[in-house]
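A short worksheet on the structure shown next.
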Amino acid sequence: MESVGFKEWALVCEALGAGEQSVILRKGGIAEGRDGFQFQHREFFLFPTFFHEQIEKTRTDRDLSEPRGGDIEIQFFARVEVSAVVLAWETARALEPFHILQREVVRERFDYDETPGIHVAFVRVFRLGPHWIFPDEARYGGCRSWVMLPELPREFHLEPVLSDEEHGARSKEFSAATSRLELPPG
């Protein structure tokens, strides 16, 4: 298992970890490089990022729990089961039941640059026990999606957030929502 983190809003990480969200939507960060964003890792730890405005950009009534001073706390691990680039706005809208973002936020990301579209990954999420806590460092900053994390703890376990049955049902719903709308491979 590689020690890589995917930077995502803390509220989205919590929604993924509560089974309220099953997809990750990403346009790409400023520091993604010449080729832009890609789901270049099939497994990763969810690295929560914090900024106050994310509350208004979601469809949740969750509170934003503040981070421990100077520490990063990793609570969840994700495995990508399907990833693609969504090129049609209708397809992006059809993904609404699978995430907590406001429609306007998804539209903003979809239309962000001269090439309309958004990356989507359908993921299976696991709780990490115990939580992985390590010091925050400058190397985790910046507007990029992927960060290399310190060496993995020796002992931890992963517990699926959703049961196999729940996850299977969600996977079928995702397939149905995307297959009838032509989801190009990504």
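Residues are referred to by chain and number: the chain letter is A, B, ... according to the order shown in the structure tokens, the number counts from 1 in that chain, and ligands are numbered separately from 1 in the order shown.
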Exercise for the section: Give the helix (DSSP H, G or I) residues of chain A, as assigned by DSSP on the backbone, as a PyMOL selection string. Expected result: chain A and resi 10-17+52-55+89-94+96-98+103-110+138-140+164-179
Could the residues in this selection be saved with C-alpha atoms as a short mmCIF file (atom, residue, chain, number, x, y, z; two decimals), in the first residue's frame?
```cif
data_model
loop_
_atom_site.label_atom_id
_atom_site.label_comp_id
_atom_site.auth_asym_id
_atom_site.auth_seq_id
_atom_site.Cartn_x
_atom_site.Cartn_y
_atom_site.Cartn_z
CA ALA A 10 -12.80 18.06 5.02
CA LEU A 11 -16.60 18.04 4.63
CA VAL A 12 -16.33 15.84 1.55
CA CYS A 13 -13.95 13.50 3.40
CA GLU A 14 -16.46 13.25 6.24
CA ALA A 15 -19.34 12.61 3.80
CA LEU A 16 -17.32 9.87 2.09
CA GLY A 17 -16.49 8.42 5.51
CA HIS A 52 -14.55 27.99 6.04
CA GLU A 53 -16.41 28.65 2.77
CA GLN A 54 -16.75 24.94 1.97
CA ILE A 55 -19.82 24.73 4.22
CA TRP A 89 -23.25 18.48 -18.27
CA GLU A 90 -26.28 16.15 -18.17
CA THR A 91 -24.02 13.32 -16.98
CA ALA A 92 -22.44 15.55 -14.34
CA ARG A 93 -25.93 16.47 -13.10
CA ALA A 94 -26.92 12.79 -12.99
CA GLU A 96 -25.89 14.53 -7.88
CA PRO A 97 -27.24 11.66 -5.71
CA PHE A 98 -23.66 10.45 -5.19
CA ARG A 103 -24.97 22.04 -8.23
CA GLU A 104 -23.43 25.50 -8.83
CA VAL A 105 -20.07 24.30 -7.50
CA VAL A 106 -20.09 21.29 -9.84
CA ARG A 107 -21.07 23.56 -12.74
CA GLU A 108 -18.26 25.98 -11.84
CA ARG A 109 -15.74 23.13 -11.88
CA PHE A 110 -17.22 21.64 -15.06
CA ALA A 138 4.86 22.90 4.18
CA ARG A 139 5.17 20.08 1.62
CA TYR A 140 1.45 19.30 2.07
CA ASP A 164 -20.83 -5.13 0.77
CA GLU A 165 -24.58 -5.13 0.07
CA GLU A 166 -24.92 -1.34 0.46
CA HIS A 167 -21.84 -0.69 -1.64
CA GLY A 168 -23.02 -3.13 -4.33
CA ALA A 169 -26.40 -1.39 -4.54
CA ARG A 170 -24.72 2.03 -4.79
CA SER A 171 -22.39 0.69 -7.50
CA LYS A 172 -25.39 -0.54 -9.54
CA GLU A 173 -27.08 2.86 -9.14
CA PHE A 174 -23.91 4.61 -10.30
CA SER A 175 -23.62 2.30 -13.32
CA ALA A 176 -27.25 2.87 -14.24
CA ALA A 177 -26.92 6.65 -13.91
CA THR A 178 -23.82 6.81 -16.05
CA SER A 179 -24.39 4.05 -18.64
#
```
Handout entry: Shell of 8 Å around Asp71 of chain A, only C-alpha atoms, local chain residues under 6 positions omitted, as a PyMOL selection string
Key = chain A and resi 133-136
Practice task
Go through A:Phe45, A:Phe39, A:Phe51, A:Phe156 one by one, measure the shortest atom-to-atom distance of each to Val82 of chain A using only C-alpha atoms, and give the residue with the smallest value.
Solution key: A:Phe39
Handout entry: Atomic separation - atom CA of Glu2 of chain A relative to atom CA of Leu162 of chain A, Å
Key =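 About the pair atom CA of Leu162 of chain A and atom CA of Glu2 of chain A: they are 22.8 Å apart.
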Handout entry: chain A: residues DSSP assigns to strand (DSSP E), reported as a PyMOL selection string
Key = chain A and resi 4-9+23-26+43-49+71-86+118-135+146-148+157-160
Practice task
Go ahead and compute the interatomic distance for atom CA of Ala121 of chain A and atom CA of Glu155 of chain A, in Å to one decimal.
Solution key: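 Going from atom CA of Ala121 of chain A over to atom CA of Glu155 of chain A, I get 27.9 Å.
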Practice task
State, in Å with one decimal place, the distance from atom CA of Ser3 of chain A to atom CA of Leu149 of chain A.
Solution key: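 About the pair atom CA of Ser3 of chain A and atom CA of Leu149 of chain A: they are 5.3 Å apart.
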Handout entry: Which residue of A:Arg144, A:Arg127, A:Arg59, A:His99 approaches Phe6 of chain A most closely, using only C-alpha atoms
Key =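 Using only C-alpha atoms, Phe6 of chain A sits closest to A:Arg144.
The residue set within 9 Å of Trp132 of chain A, counting only C-alpha atoms and dropping same-chain residues fewer than 3 places from it, reads Ile72, Glu73, Ile74, Gln75, Leu128, Gly129, Leu152, Pro153 and Phe156 of chain A.
Using only C-alpha atoms, the smallest distance between any of A:Arg26, A:Lys7, A:Arg154, A:Arg62 and His119 of chain A comes from A:Arg26.
Minimum atom-to-atom distance to Glu43 of chain A, evaluated using only C-alpha atoms, belongs to A:Val125 out of A:Leu64, A:Ile100, A:Val125, A:Ala84.
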